[in-house]
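Trainee: The following file, coords07.txt, comprises compact mmCIF, N, CA and C atoms:
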```
# COMPACT_ATOMS: atom_id res chain seq x y z
N GLN A 149 0.84 -1.19 0.00
CA GLN A 149 0.00 0.00 0.00
C GLN A 149 0.88 1.24 0.00
N VAL A 150 0.36 2.33 -0.58
CA VAL A 150 1.11 3.57 -0.66
C VAL A 150 1.14 4.23 0.70
N GLN A 151 2.33 4.56 1.18
CA GLN A 151 2.44 5.19 2.48
C GLN A 151 2.95 6.61 2.42
N LEU A 152 3.64 6.96 1.34
CA LEU A 152 4.10 8.33 1.12
C LEU A 152 3.50 8.81 -0.19
N VAL A 153 2.97 10.01 -0.18
CA VAL A 153 2.32 10.56 -1.37
C VAL A 153 2.93 11.92 -1.70
N GLU A 154 3.51 12.02 -2.89
CA GLU A 154 4.08 13.28 -3.34
C GLU A 154 3.08 14.04 -4.21
N SER A 155 3.25 15.34 -4.24
CA SER A 155 2.45 16.19 -5.12
C SER A 155 3.24 17.47 -5.39
N GLY A 156 2.74 18.25 -6.34
CA GLY A 156 3.35 19.54 -6.61
C GLY A 156 4.20 19.61 -7.85
N GLY A 157 4.41 18.49 -8.51
CA GLY A 157 5.19 18.52 -9.73
C GLY A 157 4.42 19.18 -10.86
N GLY A 158 5.13 19.39 -11.97
CA GLY A 158 4.47 20.00 -13.11
C GLY A 158 5.47 20.49 -14.12
N LEU A 159 4.97 21.27 -15.07
CA LEU A 159 5.79 21.86 -16.11
C LEU A 159 6.04 23.33 -15.78
N VAL A 160 7.30 23.73 -15.82
CA VAL A 160 7.65 25.11 -15.49
C VAL A 160 8.79 25.56 -16.41
N GLN A 161 8.84 26.84 -16.68
CA GLN A 161 9.93 27.37 -17.49
C GLN A 161 11.19 27.54 -16.65
N ALA A 162 12.31 27.50 -17.31
CA ALA A 162 13.58 27.72 -16.63
C ALA A 162 13.53 29.05 -15.89
N GLY A 163 14.05 29.04 -14.66
CA GLY A 163 14.00 30.21 -13.81
C GLY A 163 12.79 30.25 -12.89
N GLY A 164 11.85 29.37 -13.12
CA GLY A 164 10.64 29.33 -12.31
C GLY A 164 10.83 28.54 -11.03
N SER A 165 9.73 28.40 -10.30
CA SER A 165 9.76 27.72 -9.01
C SER A 165 8.63 26.70 -8.90
N LEU A 166 8.87 25.71 -8.09
CA LEU A 166 7.85 24.72 -7.72
C LEU A 166 8.08 24.33 -6.27
N ARG A 167 7.02 23.93 -5.61
CA ARG A 167 7.16 23.37 -4.26
C ARG A 167 6.53 21.99 -4.25
N LEU A 168 7.35 21.01 -3.96
CA LEU A 168 6.88 19.64 -3.85
C LEU A 168 6.47 19.35 -2.42
N SER A 169 5.46 18.51 -2.27
CA SER A 169 5.00 18.10 -0.95
C SER A 169 4.98 16.59 -0.86
N CYS A 170 5.21 16.10 0.33
CA CYS A 170 5.14 14.65 0.60
C CYS A 170 4.44 14.49 1.94
N THR A 171 3.40 13.70 1.95
CA THR A 171 2.67 13.51 3.19
C THR A 171 2.32 12.04 3.36
N SER A 172 1.87 11.70 4.54
CA SER A 172 1.51 10.32 4.83
C SER A 172 0.41 10.29 5.88
N THR A 173 -0.50 9.35 5.73
CA THR A 173 -1.52 9.13 6.74
C THR A 173 -1.18 7.89 7.57
N ARG A 174 -0.04 7.27 7.25
CA ARG A 174 0.30 6.00 7.89
C ARG A 174 1.57 6.04 8.72
N VAL A 175 2.49 6.98 8.41
CA VAL A 175 3.73 7.08 9.17
C VAL A 175 3.99 8.53 9.53
N ILE A 176 4.76 8.70 10.61
CA ILE A 176 5.10 10.05 11.07
C ILE A 176 6.43 10.45 10.43
N LEU A 177 6.43 11.53 9.69
CA LEU A 177 7.64 11.94 9.01
C LEU A 177 8.65 12.57 9.96
N SER A 178 8.21 13.16 11.04
CA SER A 178 9.13 13.85 11.94
C SER A 178 9.98 12.89 12.76
N SER A 179 9.62 11.63 12.80
CA SER A 179 10.34 10.67 13.64
C SER A 179 11.43 9.93 12.89
N ALA A 180 11.76 10.37 11.70
CA ALA A 180 12.75 9.65 10.88
C ALA A 180 13.50 10.64 10.00
N SER A 181 14.59 10.15 9.45
CA SER A 181 15.30 10.92 8.43
C SER A 181 14.48 10.88 7.14
N VAL A 182 14.45 12.01 6.46
CA VAL A 182 13.69 12.09 5.21
C VAL A 182 14.57 12.69 4.13
N ALA A 183 14.15 12.47 2.91
CA ALA A 183 14.96 12.96 1.80
C ALA A 183 14.12 13.05 0.54
N TRP A 184 14.64 13.81 -0.39
CA TRP A 184 14.10 13.88 -1.75
C TRP A 184 15.17 13.35 -2.70
N TYR A 185 14.73 12.47 -3.59
CA TYR A 185 15.58 11.96 -4.66
C TYR A 185 14.94 12.32 -5.99
N ARG A 186 15.72 12.23 -7.04
CA ARG A 186 15.16 12.43 -8.37
C ARG A 186 15.82 11.46 -9.35
N GLN A 187 15.08 11.19 -10.39
CA GLN A 187 15.60 10.31 -11.43
C GLN A 187 15.25 10.90 -12.79
N ALA A 188 16.29 11.25 -13.52
CA ALA A 188 16.11 11.76 -14.87
C ALA A 188 16.07 10.59 -15.85
N PRO A 189 15.47 10.79 -17.01
CA PRO A 189 15.40 9.70 -18.00
C PRO A 189 16.77 9.15 -18.33
N GLY A 190 16.91 7.84 -18.24
CA GLY A 190 18.17 7.19 -18.59
C GLY A 190 19.26 7.32 -17.56
N LYS A 191 18.93 7.89 -16.40
CA LYS A 191 19.94 8.07 -15.36
C LYS A 191 19.52 7.38 -14.08
N GLN A 192 20.50 7.20 -13.19
CA GLN A 192 20.21 6.60 -11.90
C GLN A 192 19.55 7.61 -10.97
N ARG A 193 18.81 7.07 -10.03
CA ARG A 193 18.20 7.93 -9.01
C ARG A 193 19.31 8.57 -8.18
N GLU A 194 19.17 9.86 -7.91
CA GLU A 194 20.18 10.58 -7.13
C GLU A 194 19.55 11.35 -5.99
N LEU A 195 20.34 11.51 -4.92
CA LEU A 195 19.89 12.26 -3.77
C LEU A 195 19.91 13.75 -4.09
N VAL A 196 18.81 14.42 -3.78
CA VAL A 196 18.72 15.86 -3.99
C VAL A 196 18.91 16.61 -2.67
N ALA A 197 18.19 16.19 -1.64
CA ALA A 197 18.27 16.86 -0.35
C ALA A 197 17.84 15.90 0.74
N SER A 198 18.40 16.06 1.92
CA SER A 198 18.04 15.21 3.04
C SER A 198 17.98 16.01 4.32
N ASP A 199 17.25 15.47 5.28
CA ASP A 199 17.08 16.12 6.58
C ASP A 199 17.02 15.03 7.64
N THR A 200 17.95 15.07 8.57
CA THR A 200 17.96 14.04 9.61
C THR A 200 16.99 14.40 10.73
N VAL A 201 16.79 13.48 11.62
CA VAL A 201 15.90 13.71 12.77
C VAL A 201 16.41 14.88 13.60
N SER A 202 17.71 15.03 13.67
CA SER A 202 18.30 16.11 14.46
C SER A 202 18.36 17.42 13.71
N GLY A 203 17.86 17.44 12.47
CA GLY A 203 17.77 18.70 11.75
C GLY A 203 18.96 19.04 10.88
N VAL A 204 19.82 18.09 10.64
CA VAL A 204 20.96 18.34 9.77
C VAL A 204 20.52 18.15 8.31
N LYS A 205 20.69 19.20 7.55
CA LYS A 205 20.26 19.16 6.16
C LYS A 205 21.47 19.08 5.22
N ASN A 206 21.30 18.33 4.16
CA ASN A 206 22.34 18.22 3.15
C ASN A 206 21.71 18.34 1.77
N TYR A 207 22.48 18.91 0.85
CA TYR A 207 22.00 19.13 -0.51
C TYR A 207 23.03 18.65 -1.52
N ALA A 208 22.54 18.18 -2.65
CA ALA A 208 23.43 17.91 -3.77
C ALA A 208 24.05 19.22 -4.22
N ASP A 209 25.29 19.17 -4.64
CA ASP A 209 25.97 20.39 -5.07
C ASP A 209 25.19 21.11 -6.17
N SER A 210 24.53 20.36 -7.01
CA SER A 210 23.84 20.95 -8.16
C SER A 210 22.61 21.77 -7.77
N VAL A 211 22.12 21.61 -6.53
CA VAL A 211 20.91 22.33 -6.12
C VAL A 211 21.15 23.28 -4.95
N LYS A 212 22.36 23.29 -4.42
CA LYS A 212 22.65 24.18 -3.28
C LYS A 212 22.36 25.62 -3.64
N GLY A 213 21.68 26.30 -2.72
CA GLY A 213 21.33 27.70 -2.94
C GLY A 213 20.05 27.89 -3.72
N ARG A 214 19.51 26.82 -4.29
CA ARG A 214 18.27 26.91 -5.08
C ARG A 214 17.13 26.12 -4.45
N PHE A 215 17.43 24.99 -3.83
CA PHE A 215 16.41 24.12 -3.25
C PHE A 215 16.49 24.18 -1.73
N THR A 216 15.33 24.02 -1.09
CA THR A 216 15.26 23.99 0.36
C THR A 216 14.34 22.87 0.81
N ILE A 217 14.84 22.00 1.67
CA ILE A 217 14.02 20.93 2.25
C ILE A 217 13.52 21.39 3.61
N SER A 218 12.27 21.10 3.90
CA SER A 218 11.70 21.50 5.19
C SER A 218 10.56 20.57 5.56
N ARG A 219 10.18 20.62 6.81
CA ARG A 219 9.07 19.80 7.29
C ARG A 219 8.08 20.69 8.02
N ASP A 220 6.82 20.32 7.94
CA ASP A 220 5.78 20.94 8.75
C ASP A 220 5.23 19.84 9.65
N TYR A 221 5.55 19.93 10.93
CA TYR A 221 5.20 18.84 11.83
C TYR A 221 3.69 18.70 12.05
N PRO A 222 2.95 19.78 12.27
CA PRO A 222 1.51 19.60 12.51
C PRO A 222 0.78 18.89 11.36
N SER A 223 1.18 19.19 10.14
CA SER A 223 0.50 18.56 9.00
C SER A 223 1.19 17.29 8.52
N ASN A 224 2.32 16.94 9.18
CA ASN A 224 3.06 15.74 8.80
C ASN A 224 3.44 15.77 7.32
N THR A 225 4.01 16.90 6.90
CA THR A 225 4.33 17.10 5.49
C THR A 225 5.79 17.47 5.32
N LEU A 226 6.39 16.90 4.31
CA LEU A 226 7.75 17.23 3.90
C LEU A 226 7.67 18.05 2.63
N TYR A 227 8.50 19.09 2.55
CA TYR A 227 8.49 19.97 1.38
C TYR A 227 9.86 20.01 0.71
N LEU A 228 9.82 20.34 -0.56
CA LEU A 228 11.03 20.70 -1.29
C LEU A 228 10.70 21.94 -2.10
N GLN A 229 11.22 23.07 -1.65
CA GLN A 229 11.05 24.32 -2.39
C GLN A 229 12.15 24.40 -3.43
N MET A 230 11.77 24.55 -4.67
CA MET A 230 12.73 24.57 -5.77
C MET A 230 12.62 25.90 -6.50
N ASN A 231 13.69 26.68 -6.45
CA ASN A 231 13.72 27.98 -7.10
C ASN A 231 14.76 27.98 -8.21
N ASN A 232 14.63 28.95 -9.11
CA ASN A 232 15.57 29.09 -10.22
C ASN A 232 15.80 27.74 -10.92
N LEU A 233 14.72 27.10 -11.28
CA LEU A 233 14.81 25.77 -11.87
C LEU A 233 15.51 25.81 -13.22
N LYS A 234 16.21 24.72 -13.50
CA LYS A 234 16.97 24.58 -14.73
C LYS A 234 16.48 23.33 -15.48
N PRO A 235 16.68 23.28 -16.78
CA PRO A 235 16.24 22.08 -17.53
C PRO A 235 16.84 20.79 -16.97
N GLU A 236 18.04 20.88 -16.44
CA GLU A 236 18.67 19.67 -15.89
C GLU A 236 18.05 19.21 -14.58
N ASP A 237 17.11 19.98 -14.05
CA ASP A 237 16.37 19.55 -12.86
C ASP A 237 15.20 18.64 -13.24
N THR A 238 14.96 18.47 -14.50
CA THR A 238 13.86 17.63 -14.96
C THR A 238 14.03 16.18 -14.50
N GLY A 239 12.93 15.60 -14.04
CA GLY A 239 12.97 14.22 -13.61
C GLY A 239 11.77 13.89 -12.74
N VAL A 240 11.74 12.66 -12.29
CA VAL A 240 10.72 12.24 -11.34
C VAL A 240 11.31 12.38 -9.94
N TYR A 241 10.62 13.08 -9.09
CA TYR A 241 11.09 13.34 -7.73
C TYR A 241 10.36 12.43 -6.75
N TYR A 242 11.16 11.80 -5.89
CA TYR A 242 10.64 10.83 -4.94
C TYR A 242 10.91 11.28 -3.51
N CYS A 243 9.95 11.07 -2.68
CA CYS A 243 10.08 11.28 -1.25
C CYS A 243 10.56 9.99 -0.60
N ASN A 244 11.42 10.11 0.39
CA ASN A 244 11.99 8.94 1.05
C ASN A 244 11.99 9.14 2.55
N ARG A 245 11.64 8.09 3.27
CA ARG A 245 11.68 8.11 4.73
C ARG A 245 12.49 6.89 5.18
N ARG A 246 13.46 7.15 6.05
CA ARG A 246 14.32 6.06 6.51
C ARG A 246 14.38 6.05 8.03
N SER A 247 14.10 4.89 8.61
CA SER A 247 14.14 4.76 10.07
C SER A 247 14.65 3.37 10.41
N GLY A 248 14.71 3.07 11.69
CA GLY A 248 15.15 1.76 12.11
C GLY A 248 14.25 0.64 11.64
N SER A 249 13.01 0.98 11.30
CA SER A 249 12.06 -0.04 10.86
C SER A 249 12.04 -0.23 9.36
N GLY A 250 12.87 0.55 8.66
CA GLY A 250 12.95 0.34 7.23
C GLY A 250 12.90 1.62 6.43
N GLU A 251 12.72 1.47 5.15
CA GLU A 251 12.76 2.58 4.22
C GLU A 251 11.46 2.59 3.42
N LEU A 252 10.91 3.80 3.23
CA LEU A 252 9.70 3.96 2.45
C LEU A 252 9.93 4.93 1.32
N TRP A 253 9.26 4.68 0.21
CA TRP A 253 9.32 5.56 -0.95
C TRP A 253 7.91 5.94 -1.39
N GLY A 254 7.81 7.14 -1.93
CA GLY A 254 6.58 7.53 -2.58
C GLY A 254 6.58 7.06 -4.02
N GLN A 255 5.50 7.37 -4.72
CA GLN A 255 5.36 6.92 -6.10
C GLN A 255 6.00 7.89 -7.09
N GLY A 256 6.39 9.07 -6.63
CA GLY A 256 7.07 10.03 -7.47
C GLY A 256 6.14 11.06 -8.08
N THR A 257 6.71 12.23 -8.34
CA THR A 257 5.98 13.28 -9.03
C THR A 257 6.89 13.87 -10.11
N GLN A 258 6.35 14.08 -11.28
CA GLN A 258 7.15 14.52 -12.43
C GLN A 258 7.37 16.03 -12.39
N VAL A 259 8.62 16.41 -12.58
CA VAL A 259 9.00 17.81 -12.72
C VAL A 259 9.65 17.97 -14.09
N THR A 260 9.12 18.88 -14.87
CA THR A 260 9.67 19.15 -16.20
C THR A 260 9.97 20.63 -16.32
N VAL A 261 11.23 20.94 -16.62
CA VAL A 261 11.65 22.33 -16.75
C VAL A 261 12.02 22.57 -18.21
N SER A 262 11.30 23.50 -18.81
CA SER A 262 11.55 23.81 -20.22
C SER A 262 12.53 24.98 -20.35
N SER A 263 13.31 24.94 -21.40
CA SER A 263 14.31 26.00 -21.60
C SER A 263 13.75 27.17 -22.38
```
Please re-express this file's structure in structure tokens.
Mentor:
Amino acid sequence: QVQLVESGGGLVQAGGSLRLSCTSTRVILSSASVAWYRQAPGKQRELVASDTVSGVKNYADSVKGRFTISRDYPSNTLYLQMNNLKPEDTGVYYCNRRSGSGELWGQGTQVTVSS
């Protein structure tokens, strides 16, 4: 069954912004490390941004200064704010939750950036 649900993807012009959301009705996102990954056509899935339980955030070099990962605890939602988007940011973006009990993935949301 689906436990993580992403939304917010779409088509945007280069230089534009999108905010992705990931939520769950079955698991608590604040009690685990979370991350956003992306997979471009013909490429391997790569880590975009992560946030540990203790609040340590890390970003791929390619998105530093443009993307921001954050959580809203009351709504149990994980966000990825993406600004100044580039065509190379195109791909399917996945939400990930990792804890001692295992790893969960969402079904992905498509982001397409046109030049």
Trainee: Could you check which of A:Arg245, A:Val182, A:Val196, A:Gly158 is closest to A:Arg219, using only C-alpha atoms?
Mentor: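 Looking at the shortest contact to A:Arg219, the residue is A:Val182.
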Trainee: I'd like the neighbourhood of A:Asp237 as a PyMOL selection string, where a residue qualifies if any of its atoms comes within 7 Å (using all atoms listed in the file), though same-chain residues fewer than 5 positions away should be ignored.
Mentor: chain A and resi 259-261
Trainee: At what distance in Å, to one decimal, does atom N of A:Leu152 lie from atom N of A:Gly239?
Mentor: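 Rounded to one decimal, the two atoms are 19.9 Å apart.
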Trainee: When distances are computed from only N, CA and C atoms, which of A:Gln151, A:Ser181, A:Asn206, A:Gln229 shows the smallest separation from A:Leu168?
Mentor: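 Among the listed residues, A:Gln229 lies closest to A:Leu168.
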Trainee: Counting only N, CA and C atoms, figure out which residue out of A:Glu154, A:Gly248, A:Gly163, A:Ser263 gets nearest to A:Met230.
Mentor: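 The answer is A:Gly163, which sits nearest to A:Met230.
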Trainee: For A:Asn224, which residue out of A:Cys243, A:Val211, A:Leu166, A:Ile176 is the nearest one, using only N, CA and C atoms?
Mentor: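 Of A:Cys243, A:Val211, A:Leu166, A:Ile176, the one nearest A:Asn224 is A:Ile176, counting only N, CA and C atoms.
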Trainee: Could you find all residues in chain A that DSSP calls strand (DSSP E) from the backbone, and write them as an MDAnalysis selection string?
Mentor: chainID A and resid 153:155 158:161 166:171 181:187 194:199 205:207 215:220 225:230 239:247 250:253 257:262
Trainee: What does the structure give for the distance between atom CA of A:Asn232 and atom CA of A:Gly164, in Å to one decimal?
Mentor: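 Distance between the two atoms: 5.4 Å.
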Trainee: Given the choices A:Thr257, A:Asp199, A:Ser178, A:Ser262, which gets closest to A:Ser155 if the distance is worked out from only N, CA and C atoms?
Mentor: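 When distances to A:Ser155 are compared using only N, CA and C atoms, the smallest one comes from A:Thr257.
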Trainee: Please measure the separation of atom C of A:Gln192 and atom C of A:Tyr241, giving the value in Å to one decimal.
Mentor: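 These atoms are spaced 11.2 Å apart.
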Trainee: Identify all residues of chain A in helix (DSSP H, G or I) (DSSP on the backbone) and supply them as a list in words.
Mentor: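 DSSP-assigned helix (DSSP H, G or I) residues in chain A: Leu177, Ser178, Ser179, Pro235, Glu236 and Asp237 of chain A.
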Trainee: With distances taken over only N, CA and C atoms, which residue among A:Ser218, A:Thr225, A:Ser165, A:Thr171 lies nearest A:Ser198?
Mentor: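 Closest residue, counting only N, CA and C atoms: A:Ser218.
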Trainee: Just need the box for stretch 235-241 of chain A, edges along x, y and z, holding every atom the file lists for it with 5 Å tacked onto each side, so centre and edge lengths in Å to one decimal, as JSON.
Mentor:
```
{"center_x": 14.5, "center_y": 17.8, "center_z": -12.1, "size_x": 18.3, "size_y": 21.0, "size_z": 20.8}
```
Trainee: Since fewer atoms than expected are present, regenerate N, CA, C and O atoms for stretch 240-262 of chain A and write them as a CSV table (one decimal), in the coordinates of the input.
Mentor:
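Produced file part.csv, reproduced below:
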```csv
chain,number,residue,atom,x,y,z
A,240,VAL,N,11.7,12.7,-12.3
A,240,VAL,CA,10.7,12.2,-11.3
A,240,VAL,C,11.3,12.4,-9.9
A,240,VAL,O,12.4,11.9,-9.7
A,241,TYR,N,10.6,13.1,-9.1
A,241,TYR,CA,11.1,13.3,-7.7
A,241,TYR,C,10.4,12.4,-6.8
A,241,TYR,O,9.1,12.3,-6.8
A,242,TYR,N,11.2,11.8,-5.9
A,242,TYR,CA,10.6,10.8,-4.9
A,242,TYR,C,10.9,11.3,-3.5
A,242,TYR,O,12.0,11.7,-3.2
A,243,CYS,N,10.0,11.1,-2.7
A,243,CYS,CA,10.1,11.3,-1.2
A,243,CYS,C,10.6,10.0,-0.6
A,243,CYS,O,10.1,8.9,-1.0
A,244,ASN,N,11.4,10.1,0.4
A,244,ASN,CA,12.0,8.9,1.0
A,244,ASN,C,12.0,9.1,2.6
A,244,ASN,O,12.3,10.2,3.0
A,245,ARG,N,11.6,8.1,3.3
A,245,ARG,CA,11.7,8.1,4.7
A,245,ARG,C,12.5,6.9,5.2
A,245,ARG,O,12.2,5.8,4.8
A,246,ARG,N,13.5,7.2,6.0
A,246,ARG,CA,14.3,6.1,6.5
A,246,ARG,C,14.4,6.0,8.0
A,246,ARG,O,14.7,7.1,8.7
A,247,SER,N,14.1,4.9,8.6
A,247,SER,CA,14.1,4.8,10.1
A,247,SER,C,14.6,3.4,10.4
A,247,SER,O,15.0,2.6,9.5
A,248,GLY,N,14.7,3.1,11.7
A,248,GLY,CA,15.2,1.8,12.1
A,248,GLY,C,14.2,0.6,11.6
A,248,GLY,O,14.7,-0.5,11.5
A,249,SER,N,13.0,1.0,11.3
A,249,SER,CA,12.1,0.0,10.9
A,249,SER,C,12.0,-0.2,9.4
A,249,SER,O,11.3,-1.1,8.8
A,250,GLY,N,12.9,0.6,8.7
A,250,GLY,CA,13.0,0.3,7.2
A,250,GLY,C,12.9,1.6,6.4
A,250,GLY,O,13.0,2.7,7.0
A,251,GLU,N,12.7,1.5,5.2
A,251,GLU,CA,12.8,2.6,4.2
A,251,GLU,C,11.5,2.6,3.4
A,251,GLU,O,11.0,1.5,3.0
A,252,LEU,N,10.9,3.8,3.2
A,252,LEU,CA,9.7,4.0,2.4
A,252,LEU,C,9.9,4.9,1.3
A,252,LEU,O,10.7,5.9,1.5
A,253,TRP,N,9.3,4.7,0.2
A,253,TRP,CA,9.3,5.6,-1.0
A,253,TRP,C,7.9,5.9,-1.4
A,253,TRP,O,7.0,5.1,-1.3
A,254,GLY,N,7.8,7.1,-1.9
A,254,GLY,CA,6.6,7.5,-2.6
A,254,GLY,C,6.6,7.1,-4.0
A,254,GLY,O,7.5,6.5,-4.5
A,255,GLN,N,5.5,7.4,-4.7
A,255,GLN,CA,5.4,6.9,-6.1
A,255,GLN,C,6.0,7.9,-7.1
A,255,GLN,O,6.2,7.6,-8.3
A,256,GLY,N,6.4,9.1,-6.6
A,256,GLY,CA,7.1,10.0,-7.5
A,256,GLY,C,6.1,11.1,-8.1
A,256,GLY,O,5.0,10.8,-8.3
A,257,THR,N,6.7,12.2,-8.3
A,257,THR,CA,6.0,13.3,-9.0
A,257,THR,C,6.9,13.9,-10.1
A,257,THR,O,8.1,14.1,-9.9
A,258,GLN,N,6.4,14.1,-11.3
A,258,GLN,CA,7.2,14.5,-12.4
A,258,GLN,C,7.4,16.0,-12.4
A,258,GLN,O,6.4,16.8,-12.2
A,259,VAL,N,8.6,16.4,-12.6
A,259,VAL,CA,9.0,17.8,-12.7
A,259,VAL,C,9.6,18.0,-14.1
A,259,VAL,O,10.6,17.3,-14.4
A,260,THR,N,9.1,18.9,-14.9
A,260,THR,CA,9.7,19.2,-16.2
A,260,THR,C,10.0,20.6,-16.3
A,260,THR,O,9.1,21.5,-16.1
A,261,VAL,N,11.2,20.9,-16.6
A,261,VAL,CA,11.6,22.3,-16.8
A,261,VAL,C,12.0,22.6,-18.2
A,261,VAL,O,12.9,21.9,-18.7
A,262,SER,N,11.3,23.5,-18.8
A,262,SER,CA,11.6,23.8,-20.2
A,262,SER,C,12.5,25.0,-20.4
A,262,SER,O,12.5,25.9,-19.5
```
